[in-house]
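What follows is the content of coords_34.txt, which has compact mmCIF, C-alpha atoms (C1' of nucleotides):
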```txt
# COMPACT_ATOMS: atom_id res chain seq x y z
CA MET N 1 0.00 0.00 0.00
CA GLU N 2 1.33 3.43 -0.98
CA GLU N 3 0.78 6.32 1.40
CA LYS N 4 -0.25 9.44 -0.46
CA ASP N 5 2.06 12.41 -0.14
CA PRO N 6 0.21 15.70 -0.61
CA PHE N 7 3.25 17.84 0.27
CA ASN N 8 5.99 16.28 -1.87
CA GLY N 9 7.74 14.81 1.14
CA ARG N 10 7.42 17.94 3.29
CA ARG N 11 5.55 18.23 6.55
CA SER N 12 3.22 21.04 5.42
CA PHE N 13 2.51 23.31 2.48
CA CYS N 14 3.62 26.37 4.45
CA PRO N 15 6.21 28.33 2.44
CA VAL N 16 8.14 29.18 5.59
CA ASN N 17 8.41 25.51 6.43
CA PHE N 18 9.32 24.78 2.80
CA ALA N 19 12.32 27.12 2.98
CA VAL N 20 13.37 25.77 6.37
CA GLU N 21 13.22 22.18 5.16
CA SER N 22 15.20 23.14 2.05
CA LEU N 23 17.93 25.22 3.65
CA GLY N 24 17.48 25.19 7.42
CA ASP N 25 20.73 23.56 8.46
CA ARG N 26 24.14 24.74 9.54
CA TRP N 27 25.85 24.94 6.15
CA SER N 28 23.64 25.21 3.06
CA LEU N 29 23.22 28.99 3.17
CA VAL N 30 26.85 29.52 4.10
CA ILE N 31 27.97 27.52 1.06
CA LEU N 32 25.59 29.40 -1.24
CA ARG N 33 26.94 32.65 0.21
CA ASP N 34 30.51 31.62 -0.63
CA VAL N 35 29.52 30.68 -4.17
CA MET N 36 27.42 33.74 -4.97
CA PHE N 37 29.05 36.48 -2.90
CA TRP N 38 32.67 35.38 -2.95
CA GLY N 39 32.91 33.41 -6.17
CA LEU N 40 34.24 30.25 -4.57
CA HIS N 41 33.53 27.45 -7.02
CA THR N 42 35.60 24.45 -5.93
CA TYR N 43 35.57 22.06 -3.03
CA GLY N 44 38.97 23.24 -1.88
CA ALA N 45 38.10 26.92 -1.96
CA LEU N 46 34.86 26.31 -0.06
CA LEU N 47 36.69 24.16 2.49
CA ALA N 48 39.12 26.98 3.27
CA SER N 49 36.31 29.43 3.96
CA ASP N 50 35.93 31.34 7.21
CA GLU N 51 33.68 29.20 9.32
CA GLY N 52 35.58 25.94 8.92
CA ILE N 53 33.23 23.29 7.59
CA SER N 54 34.37 19.68 7.89
CA THR N 55 35.48 17.76 4.83
CA ASN N 56 32.79 15.09 5.05
CA ILE N 57 30.02 17.60 5.66
CA LEU N 58 31.11 19.76 2.74
CA ALA N 59 31.18 16.81 0.33
CA ASN N 60 27.77 15.69 1.56
CA ARG N 61 26.21 19.15 1.41
CA LEU N 62 27.54 19.82 -2.09
CA ASP N 63 25.95 16.59 -3.32
CA GLN N 64 22.72 17.62 -1.68
CA LEU N 65 22.72 21.18 -3.04
CA VAL N 66 23.35 19.80 -6.53
CA SER N 67 20.59 17.21 -6.32
CA ASP N 68 18.22 19.79 -4.83
CA GLY N 69 18.91 22.07 -7.77
CA PHE N 70 20.74 24.91 -6.03
CA LEU N 71 24.10 24.26 -7.66
CA THR N 72 25.40 22.78 -10.89
CA ARG N 73 28.52 20.66 -10.98
CA THR N 74 30.82 20.58 -13.99
CA PRO N 75 34.37 19.27 -14.46
CA ALA N 76 36.99 22.01 -14.35
CA PRO N 77 38.40 22.46 -17.87
CA ASP N 78 42.00 22.91 -16.73
CA ASP N 79 42.30 20.40 -13.90
CA LYS N 80 40.69 16.98 -14.00
CA ARG N 81 40.74 16.66 -10.23
CA LYS N 82 38.36 19.57 -9.76
CA ASP N 83 34.68 20.13 -10.30
CA LEU N 84 33.19 23.60 -10.54
CA PHE N 85 30.02 24.50 -8.65
CA TYR N 86 27.82 27.29 -9.91
CA ALA N 87 24.58 28.77 -8.62
CA THR N 88 21.37 27.96 -10.45
CA GLU N 89 18.40 30.31 -10.82
CA LYS N 90 16.89 28.60 -7.79
CA ALA N 91 19.84 29.83 -5.73
CA ILE N 92 20.03 33.21 -7.45
CA ALA N 93 16.38 33.74 -6.50
CA LEU N 94 17.49 33.56 -2.86
CA LEU N 95 19.46 36.81 -3.07
CA PRO N 96 16.56 39.03 -1.93
CA MET N 97 16.28 36.83 1.15
CA PHE N 98 20.02 37.06 1.74
CA VAL N 99 19.69 40.84 1.63
CA GLU N 100 17.02 40.86 4.34
CA MET N 101 18.99 38.37 6.38
CA ILE N 102 22.07 40.59 6.21
CA ALA N 103 20.00 43.67 7.08
CA TRP N 104 18.51 41.90 10.08
CA SER N 105 21.85 40.70 11.42
CA ALA N 106 23.40 44.13 10.95
CA GLN N 107 20.68 45.63 13.14
CA GLN N 108 21.43 43.35 16.09
CA ASP N 109 23.56 44.48 19.01
CA ASP N 110 25.34 41.14 19.15
CA TRP N 111 26.52 41.63 15.60
CA GLN N 112 27.43 45.28 15.94
CA THR N 113 29.65 44.63 18.94
CA MET N 114 31.70 42.00 17.13
CA ASP N 115 35.26 42.59 16.07
CA HIS N 116 34.94 43.50 12.38
CA GLY N 117 38.63 43.92 11.81
CA GLU N 118 38.72 41.30 9.08
CA ALA N 119 35.98 42.97 7.04
CA THR N 120 36.79 44.77 3.81
CA PRO N 121 35.33 48.17 2.87
CA GLU N 122 33.30 46.35 0.22
CA GLN N 123 31.66 44.21 2.87
CA PHE N 124 30.67 47.26 4.91
CA GLY N 125 29.37 48.84 1.73
CA LEU N 126 27.18 45.85 1.03
CA VAL N 127 25.78 45.85 4.56
CA GLU N 128 24.95 49.55 4.15
CA LYS N 129 23.12 48.84 0.93
CA CYS N 130 21.15 46.01 2.54
CA LEU N 131 20.10 48.33 5.35
CA ARG N 132 19.12 51.15 3.01
CA ARG N 133 15.60 50.52 1.78
CA SER N 134 15.77 52.66 -1.35
CA ASP N 135 17.34 51.44 -4.63
CA ARG N 136 16.74 47.95 -3.34
CA ARG N 137 15.48 46.59 -6.64
CA ASP N 138 18.38 47.82 -8.73
CA PHE N 139 20.85 46.67 -6.12
CA ILE N 140 19.48 43.14 -6.04
CA GLU N 141 19.19 42.95 -9.80
CA SER N 142 22.80 43.92 -10.26
CA MET N 143 23.88 41.20 -7.83
CA GLN N 144 21.76 38.66 -9.66
CA LYS N 145 23.15 39.76 -13.01
CA ALA N 146 26.70 39.35 -11.74
CA VAL N 147 26.06 35.82 -10.48
CA ARG N 148 24.21 34.86 -13.67
CA THR N 149 27.20 35.89 -15.78
CA GLY N 150 29.66 33.78 -13.81
CA LYS N 151 30.86 36.58 -11.59
CA CYS N 152 30.06 37.17 -7.92
CA VAL N 153 28.81 39.95 -5.68
CA PHE N 154 32.28 40.73 -4.34
CA GLU N 155 33.93 40.41 -7.75
CA GLY N 156 37.58 41.34 -7.51
CA VAL N 157 37.57 41.79 -3.75
CA VAL N 158 40.08 39.79 -1.73
CA ARG N 159 39.08 38.60 1.71
CA LYS N 160 41.35 39.60 4.55
CA SER N 161 41.04 36.33 6.45
CA MET M 1 44.18 31.57 30.41
CA GLU M 2 41.17 33.10 28.67
CA GLU M 3 40.89 32.72 24.92
CA LYS M 4 39.76 35.96 23.36
CA ASP M 5 36.48 35.84 21.51
CA PRO M 6 36.28 38.48 18.77
CA PHE M 7 32.95 37.23 17.42
CA ASN M 8 30.84 36.88 20.59
CA GLY M 9 30.93 33.11 20.39
CA ARG M 10 30.21 32.93 16.65
CA ARG M 11 32.49 31.45 14.02
CA SER M 12 32.77 34.65 11.94
CA PHE M 13 31.48 38.19 11.74
CA CYS M 14 29.59 37.44 8.53
CA PRO M 15 25.96 38.56 8.87
CA VAL M 16 24.75 35.55 6.89
CA ASN M 17 26.54 33.24 9.29
CA PHE M 18 25.18 35.26 12.21
CA ALA M 19 21.60 34.66 11.09
CA VAL M 20 22.26 30.99 10.40
CA GLU M 21 23.81 30.47 13.82
CA SER M 22 20.89 32.29 15.45
CA LEU M 23 18.02 30.62 13.63
CA GLY M 24 19.38 27.93 11.32
CA ASP M 25 17.74 24.89 12.80
CA ARG M 26 14.61 22.88 12.14
CA TRP M 27 12.21 24.74 14.43
CA SER M 28 13.09 28.29 15.46
CA LEU M 29 11.64 30.02 12.41
CA VAL M 30 8.60 27.76 12.40
CA ILE M 31 7.84 28.70 16.01
CA LEU M 32 8.31 32.41 15.30
CA ARG M 33 5.97 32.01 12.30
CA ASP M 34 3.30 30.48 14.53
CA VAL M 35 3.65 33.28 17.08
CA MET M 36 3.72 36.20 14.65
CA PHE M 37 1.57 34.99 11.76
CA TRP M 38 -0.94 32.80 13.58
CA GLY M 39 -1.03 34.32 17.05
CA LEU M 40 -0.19 31.10 18.87
CA HIS M 41 1.12 32.15 22.25
CA THR M 42 1.14 29.04 24.46
CA TYR M 43 3.11 25.81 24.58
CA GLY M 44 -0.01 23.78 23.89
CA ALA M 45 -1.10 25.82 20.88
CA LEU M 46 2.39 25.68 19.39
CA LEU M 47 2.59 21.95 20.01
CA ALA M 48 -0.61 21.35 18.03
CA SER M 49 0.73 23.23 15.02
CA ASP M 50 0.97 21.74 11.54
CA GLU M 51 4.44 20.30 11.36
CA GLY M 52 4.33 18.31 14.58
CA ILE M 53 7.23 19.36 16.77
CA SER M 54 8.13 17.05 19.66
CA THR M 55 7.34 18.03 23.23
CA ASN M 56 10.92 18.06 24.42
CA ILE M 57 12.19 20.00 21.42
CA LEU M 58 9.45 22.61 21.79
CA ALA M 59 10.20 23.16 25.47
CA ASN M 60 13.91 23.41 24.71
CA ARG M 61 13.49 25.75 21.76
CA LEU M 62 11.13 28.06 23.64
CA ASP M 63 13.70 28.40 26.44
CA GLN M 64 16.33 29.17 23.83
CA LEU M 65 14.24 31.71 21.91
CA VAL M 66 13.46 33.48 25.17
CA SER M 67 17.07 33.56 26.33
CA ASP M 68 18.20 34.68 22.85
CA GLY M 69 15.73 37.56 23.02
CA PHE M 70 13.29 36.53 20.29
CA LEU M 71 10.37 35.85 22.63
CA THR M 72 9.15 37.08 26.00
CA ARG M 73 7.56 34.72 28.49
CA THR M 74 4.88 35.88 30.93
CA PRO M 75 2.45 33.95 33.13
CA ALA M 76 -1.04 33.76 31.62
CA PRO M 77 -3.35 35.96 33.73
CA ASP M 78 -6.29 33.54 33.67
CA ASP M 79 -4.56 30.16 33.97
CA LYS M 80 -1.59 29.54 36.24
CA ARG M 81 -0.53 26.49 34.26
CA LYS M 82 0.20 28.53 31.15
CA ASP M 83 2.85 30.98 30.09
CA LEU M 84 2.36 33.37 27.19
CA PHE M 85 5.05 33.84 24.57
CA TYR M 86 5.20 37.07 22.59
CA ALA M 87 7.52 38.28 19.86
CA THR M 88 10.12 40.90 20.74
CA GLU M 89 11.36 43.62 18.38
CA LYS M 90 14.25 41.30 17.50
CA ALA M 91 11.74 38.82 16.12
CA ILE M 92 9.47 41.47 14.58
CA ALA M 93 12.51 42.73 12.66
CA LEU M 94 12.63 39.35 10.95
CA LEU M 95 9.34 39.91 9.11
CA PRO M 96 10.99 41.38 5.98
CA MET M 97 13.10 38.24 5.77
CA PHE M 98 10.02 36.06 6.23
CA VAL M 99 8.43 37.91 3.31
CA GLU M 100 11.35 37.13 1.01
CA MET M 101 11.45 33.56 2.22
CA ILE M 102 7.76 33.14 1.43
CA ALA M 103 8.23 34.77 -1.98
CA TRP M 104 11.10 32.46 -2.78
CA SER M 105 9.25 29.30 -1.78
CA ALA M 106 6.18 30.35 -3.72
CA GLN M 107 8.28 30.63 -6.86
CA GLN M 108 9.53 27.05 -6.66
CA ASP M 109 7.97 24.25 -8.67
CA ASP M 110 8.14 21.86 -5.73
CA TRP M 111 5.99 24.22 -3.72
CA GLN M 112 3.55 25.06 -6.47
CA THR M 113 2.79 21.41 -7.16
CA MET M 114 1.89 20.70 -3.53
CA ASP M 115 -1.65 20.02 -2.44
CA HIS M 116 -2.78 23.38 -1.06
CA GLY M 117 -6.23 22.19 -0.08
CA GLU M 118 -5.72 23.14 3.56
CA ALA M 119 -4.78 26.75 2.75
CA THR M 120 -7.18 29.58 3.51
CA PRO M 121 -7.86 32.45 1.08
CA GLU M 122 -5.98 34.70 3.49
CA GLN M 123 -2.86 32.58 3.12
CA PHE M 124 -3.00 32.77 -0.66
CA GLY M 125 -3.52 36.52 -0.34
CA LEU M 126 -0.41 36.85 1.78
CA VAL M 127 1.67 34.84 -0.66
CA GLU M 128 0.46 37.11 -3.47
CA LYS M 129 1.49 40.16 -1.49
CA CYS M 130 4.92 38.70 -0.80
CA LEU M 131 5.41 38.04 -4.50
CA ARG M 132 4.26 41.50 -5.53
CA ARG M 133 7.17 43.87 -5.24
CA SER M 134 5.18 47.10 -4.97
CA ASP M 135 3.59 48.30 -1.70
CA ARG M 136 6.15 46.14 0.04
CA ARG M 137 6.98 48.72 2.69
CA ASP M 138 3.40 49.43 3.75
CA PHE M 139 2.60 45.74 3.73
CA ILE M 140 5.49 44.85 6.01
CA GLU M 141 4.84 47.78 8.31
CA SER M 142 1.22 46.79 8.77
CA MET M 143 2.29 43.28 9.70
CA GLN M 144 4.81 44.62 12.17
CA LYS M 145 2.25 46.97 13.67
CA ALA M 146 -0.18 44.09 14.15
CA VAL M 147 2.38 41.95 15.95
CA ARG M 148 3.56 44.89 18.07
CA THR M 149 0.02 45.49 19.31
CA GLY M 150 -0.51 41.91 20.42
CA LYS M 151 -2.28 40.79 17.26
CA CYS M 152 -0.93 38.64 14.46
CA VAL M 153 -0.65 38.70 10.68
CA PHE M 154 -3.58 36.30 10.21
CA GLU M 155 -5.69 37.99 12.89
CA GLY M 156 -9.14 36.42 12.99
CA VAL M 157 -8.36 33.74 10.42
CA VAL M 158 -8.94 30.12 11.42
CA ARG M 159 -6.61 27.47 10.07
CA LYS M 160 -8.27 24.62 8.21
CA SER M 161 -5.92 21.95 9.55
C1' DT P 1 -14.47 18.65 47.97
C1' DA P 2 -12.84 14.70 45.58
C1' DA P 3 -12.07 12.87 40.91
C1' DG P 4 -10.84 13.61 36.58
C1' DA P 5 -9.02 16.42 32.91
C1' DA P 6 -5.91 19.77 31.01
C1' DT P 7 -1.39 21.82 30.65
C1' DA P 8 3.39 21.93 30.57
C1' DC P 9 6.61 19.80 30.98
C1' DT P 10 10.73 15.63 31.88
C1' DT P 11 12.89 11.20 30.95
C1' DG P 12 14.63 7.42 28.28
C1' DC P 13 15.95 5.59 24.14
C1' DA P 14 16.81 5.44 19.10
C1' DC P 15 18.42 7.63 15.15
C1' DT P 16 20.40 11.30 12.36
C1' DA P 17 23.51 15.33 11.87
C1' DT P 18 27.72 17.38 12.80
C1' DG P 19 32.82 17.67 14.11
C1' DC P 20 37.52 16.02 14.01
C1' DA P 21 41.45 13.29 12.60
C1' DA P 22 43.39 10.17 9.68
C1' DG P 23 43.70 7.77 5.42
C1' DT P 24 43.25 7.11 0.18
C1' DA P 25 42.96 7.52 -4.87
C1' DA P 26 43.32 10.20 -8.89
C1' DG P 27 45.59 13.88 -11.21
C1' DT P 28 49.36 17.43 -11.47
C1' DT P 29 53.90 19.31 -10.93
C1' DT P 30 58.86 18.92 -10.57
C1' DA C 1 59.64 8.71 -10.90
C1' DA C 2 58.74 11.23 -6.72
C1' DA C 3 56.42 14.62 -4.43
C1' DC C 4 52.50 17.25 -4.08
C1' DT C 5 47.67 18.78 -4.66
C1' DT C 6 42.85 17.90 -4.72
C1' DA C 7 38.82 15.74 -3.50
C1' DC C 8 37.26 12.98 -1.26
C1' DT C 9 36.14 8.49 2.43
C1' DT C 10 36.27 6.25 6.95
C1' DG C 11 36.00 5.81 11.87
C1' DC C 12 34.68 7.52 15.96
C1' DA C 13 32.77 10.99 19.34
C1' DT C 14 29.32 14.39 20.40
C1' DA C 15 25.11 17.12 19.55
C1' DG C 16 20.48 17.58 17.66
C1' DT C 17 16.08 15.56 16.73
C1' DG C 18 11.98 12.21 17.08
C1' DC C 19 8.90 9.27 19.63
C1' DA C 20 6.58 7.28 23.59
C1' DA C 21 5.74 7.27 28.20
C1' DG C 22 5.57 9.32 32.67
C1' DT C 23 4.90 13.31 36.19
C1' DA C 24 3.66 17.61 38.72
C1' DT C 25 0.73 21.48 38.94
C1' DT C 26 -3.55 23.70 38.09
C1' DC C 27 -8.23 23.79 36.64
C1' DT C 28 -12.92 21.96 36.02
C1' DT C 29 -16.69 19.15 37.08
C1' DA C 30 -19.66 16.06 39.63
```
Do you think you could lay out the structure here as C-alpha cells?
Amino acid sequence: MEEKDPFNGRRSFCPVNFAVESLGDRWSLVILRDVMFWGLHTYGALLASDEGISTNILANRLDQLVSDGFLTRTPAPDDKRKDLFYATEKAIALLPMFVEMIAWSAQQDDWQTMDHGEATPEQFGLVEKCLRRSDRRDFIESMQKAVRTGKCVFEGVVRKS
Amino acid sequence: MEEKDPFNGRRSFCPVNFAVESLGDRWSLVILRDVMFWGLHTYGALLASDEGISTNILANRLDQLVSDGFLTRTPAPDDKRKDLFYATEKAIALLPMFVEMIAWSAQQDDWQTMDHGEATPEQFGLVEKCLRRSDRRDFIESMQKAVRTGKCVFEGVVRKS
DNA sequence: TAAGAATACTTGCACTATGCAAGTAAGTTT
DNA sequence: AAACTTACTTGCATAGTGCAAGTATTCTTA
C-alpha cells in the first residue's frame, strides 16, 4: 500500500516551512553565500572558507545542493581533479532573502559589537546597501546579473582572512 | 588563560553566518511564524501546530528563543498552568526576511505542485502580497504593527488543519 | 471537595547530523 | 619517478532531533 504524499515529502505546504526544510541547516546557506558572494567554485576553496566546515560535511552538502537544484557541478576544464560548482536560478532567486537576512543581522547588538577587523570596505558597503531601503530593486538585480554571468557579488575583492 | 572571543561566540562576523547560527535549525523560524503569523502564544497551541514538533524540542526551543531575546515569556493571567510567549522587536525585525522567504518558496515548482487544499484564502492573499514587489513597505509595516500590538498577521483567520 | 481532565513539561531511548582526525585515490607538478 | 595537490572516504565521538511514556501542577466538574 502506498501512502499518499500531498506535500511532496514535506511536513506542510507552508512556504516558511518549505524554505526551512530546504535550507534550514548549519551549512547550506553559508555555502551558497561563498559561491554567490565570494565566487568560490571548488571544493577546496569552499573548504578553506571562514567558518571551517568539515570535509565530510562539505562533500555531503555539495551533493545535496546539486541534487536539490541549487548548484550545478561541472568538471573544471584545466584540472581533471576539480569540479566547478555554480549557482542555479533557484539559488540566485534567494538573493533578496540574503539581503534581508544581512539587514537583520546588521541591526542586532550582538553583531554590531563583534570585532569586524577582518571585514573589507566592500563588505561594509554591502551591509549599508542592505540596510538602506531605497534602490533595493536595482541593487538586487545587479547582484543577480553578476552571479548569472559567472561573476560574484564581491567580484575582484580579496578577503582579509 | 582566557581565549579571546572576537565574534561573541560565533564562528565569523559574517551577517549571513550570524543569522544561520541564530536561527538555522529545524524549528526556530517555524515557532516564530506560529507566534507572529498565527497568534499562537502558548506551549499547547504551538505543540498542536501543523508540522508536529516534539514536546521536548518545543520546550527546549522556547527556552532558547526566550534567552536569545526573540520571545518574552509571561504567566497567563487567567490560567496559572500557562505561560504566554510574545515576539520581541528582535523577532518582529525578521518579518521582511520572512516575506522574502515566502516569496522564494512560492516561486519554486516543488511548492507550487503541492496540495494546497488546507490553505485559507488569506494565506493565498499573503503569498500574493509577498510576490508582488510594490507596496512592500506598507505591507510589512502593517504586519509589524499588528504583531507589536498583540495581534498577528492572520488575525481572525482560522486554520483549516 | 474529591475525581478527573488539562497543561506543561521531563525522561529514556533510538536515530540522524555534525565535528575532528586520519587515510586514500586520482591527477598534477617537478 | 617522486612529491604534491585535490577531493574525497572512513572511523569515531558528540550534539540535535523524534517518539513514547511518565509526572507535577492547576483547573474543572460532579
Contact set, chain M to chain C: 10 Å, all atoms listed in the file, as a PyMOL selection string: chain M and resi 25-26+53-57+79-82
Between CA of Gly69 in chain M and CA of Leu94 in chain N, distance in Å (one decimal): 26.2 Å
Counting only C-alpha atoms (C1' of nucleotides), what is within 12 Å of range 126-136 of chain M, bar same-chain residues fewer than 6 positions away, as a CSV table (one decimal) with C-alpha atoms, in the frame of the given file?
```csv
chain,number,residue,atom,x,y,z
N,13,PHE,CA,2.5,23.3,2.5
N,14,CYS,CA,3.6,26.4,4.4
N,15,PRO,CA,6.2,28.3,2.4
N,16,VAL,CA,8.1,29.2,5.6
N,93,ALA,CA,16.4,33.7,-6.5
N,96,PRO,CA,16.6,39.0,-1.9
N,97,MET,CA,16.3,36.8,1.2
N,133,ARG,CA,15.6,50.5,1.8
N,134,SER,CA,15.8,52.7,-1.4
N,136,ARG,CA,16.7,48.0,-3.3
N,137,ARG,CA,15.5,46.6,-6.6
M,37,PHE,CA,1.6,35.0,11.8
M,95,LEU,CA,9.3,39.9,9.1
M,96,PRO,CA,11.0,41.4,6.0
M,97,MET,CA,13.1,38.2,5.8
M,98,PHE,CA,10.0,36.1,6.2
M,99,VAL,CA,8.4,37.9,3.3
M,100,GLU,CA,11.4,37.1,1.0
M,101,MET,CA,11.4,33.6,2.2
M,102,ILE,CA,7.8,33.1,1.4
M,103,ALA,CA,8.2,34.8,-2.0
M,104,TRP,CA,11.1,32.5,-2.8
M,105,SER,CA,9.2,29.3,-1.8
M,106,ALA,CA,6.2,30.4,-3.7
M,107,GLN,CA,8.3,30.6,-6.9
M,108,GLN,CA,9.5,27.0,-6.7
M,111,TRP,CA,6.0,24.2,-3.7
M,112,GLN,CA,3.6,25.1,-6.5
M,119,ALA,CA,-4.8,26.8,2.8
M,120,THR,CA,-7.2,29.6,3.5
M,142,SER,CA,1.2,46.8,8.8
M,143,MET,CA,2.3,43.3,9.7
M,153,VAL,CA,-0.6,38.7,10.7
M,154,PHE,CA,-3.6,36.3,10.2
```
Distance query 12 Å from (26.4, 20.6, -8.7) using all atoms listed in the file, result as a VMD selection string: chain N and resid 32 35 41 to 43 59 to 75 83 to 88 91
Atomic distance C1' of DA26 in chain P - CA of Val30 in chain N, expressed in Å with one decimal: 28.5 Å
Wanna dump the chain P-chain M contacts at 8 Å for me, each residue with its shortest atom pair and the distance in Å to one decimal, counting all atoms listed in the file, ordered by chain and number, as a tab-separated table?
```
residue	atom	partner	partner_atom	distance
P:DT7	C1'	M:Arg81	CA	6.0
P:DA8	C1'	M:Arg81	CA	7.1
P:DC9	C1'	M:Ala59	CA	7.4
P:DT10	C1'	M:Asn56	CA	7.8
```
One-decimal distance in Å that lies between CA of Asp34 in chain M and CA of Ile92 in chain M: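 Value for the CA of Ile92 in chain M-CA of Asp34 in chain M distance: 12.6 Å.
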Minimum-distance residue to Gly39 in chain M, chosen among M:Ala19, M:Leu58, M:Cys152, M:Ala76 (using all atoms listed in the file):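 So, comparing all the options, the nearest one is M:Cys152.
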Repaired coordinates for range 16-37 of chain M (N, CA and C atoms) as a short mmCIF file (atom, residue, chain, number, x, y, z; two decimals), in the coordinates of the input:
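Full text of selection-v3.cif as output:
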```cif
data_model
loop_
_atom_site.label_atom_id
_atom_site.label_comp_id
_atom_site.auth_asym_id
_atom_site.auth_seq_id
_atom_site.Cartn_x
_atom_site.Cartn_y
_atom_site.Cartn_z
N VAL M 16 25.49 36.75 7.31
CA VAL M 16 24.75 35.55 6.89
C VAL M 16 24.97 34.44 7.91
N ASN M 17 26.23 34.25 8.28
CA ASN M 17 26.54 33.24 9.29
C ASN M 17 25.88 33.56 10.62
N PHE M 18 25.83 34.84 10.96
CA PHE M 18 25.18 35.26 12.21
C PHE M 18 23.72 34.82 12.25
N ALA M 19 23.02 35.06 11.15
CA ALA M 19 21.60 34.66 11.09
C ALA M 19 21.46 33.15 11.13
N VAL M 20 22.33 32.46 10.42
CA VAL M 20 22.26 30.99 10.40
C VAL M 20 22.53 30.43 11.80
N GLU M 21 23.52 30.97 12.48
CA GLU M 21 23.81 30.47 13.82
C GLU M 21 22.71 30.82 14.82
N SER M 22 21.98 31.91 14.56
CA SER M 22 20.89 32.29 15.45
C SER M 22 19.63 31.45 15.22
N LEU M 23 19.34 31.17 13.96
CA LEU M 23 18.02 30.62 13.63
C LEU M 23 18.06 29.43 12.67
N GLY M 24 19.27 28.97 12.34
CA GLY M 24 19.38 27.93 11.32
C GLY M 24 19.20 26.53 11.86
N ASP M 25 18.04 26.24 12.36
CA ASP M 25 17.74 24.89 12.80
C ASP M 25 16.34 24.54 12.32
N ARG M 26 15.87 23.37 12.68
CA ARG M 26 14.61 22.88 12.14
C ARG M 26 13.37 23.63 12.65
N TRP M 27 13.46 24.29 13.82
CA TRP M 27 12.21 24.74 14.43
C TRP M 27 12.09 26.22 14.78
N SER M 28 13.18 26.90 14.99
CA SER M 28 13.09 28.29 15.46
C SER M 28 12.22 29.17 14.58
N LEU M 29 12.43 29.15 13.29
CA LEU M 29 11.64 30.02 12.41
C LEU M 29 10.19 29.57 12.33
N VAL M 30 9.97 28.28 12.44
CA VAL M 30 8.60 27.76 12.40
C VAL M 30 7.82 28.22 13.64
N ILE M 31 8.48 28.22 14.79
CA ILE M 31 7.84 28.70 16.01
C ILE M 31 7.56 30.19 15.91
N LEU M 32 8.53 30.96 15.44
CA LEU M 32 8.31 32.41 15.30
C LEU M 32 7.20 32.70 14.29
N ARG M 33 7.10 31.90 13.25
CA ARG M 33 5.97 32.01 12.30
C ARG M 33 4.65 31.82 13.03
N ASP M 34 4.56 30.76 13.83
CA ASP M 34 3.30 30.48 14.53
C ASP M 34 2.92 31.60 15.50
N VAL M 35 3.93 32.18 16.15
CA VAL M 35 3.65 33.28 17.08
C VAL M 35 3.21 34.54 16.33
N MET M 36 3.96 34.91 15.30
CA MET M 36 3.72 36.20 14.65
C MET M 36 2.64 36.15 13.57
N PHE M 37 2.56 35.07 12.83
CA PHE M 37 1.57 34.99 11.76
C PHE M 37 0.24 34.45 12.27
#
```
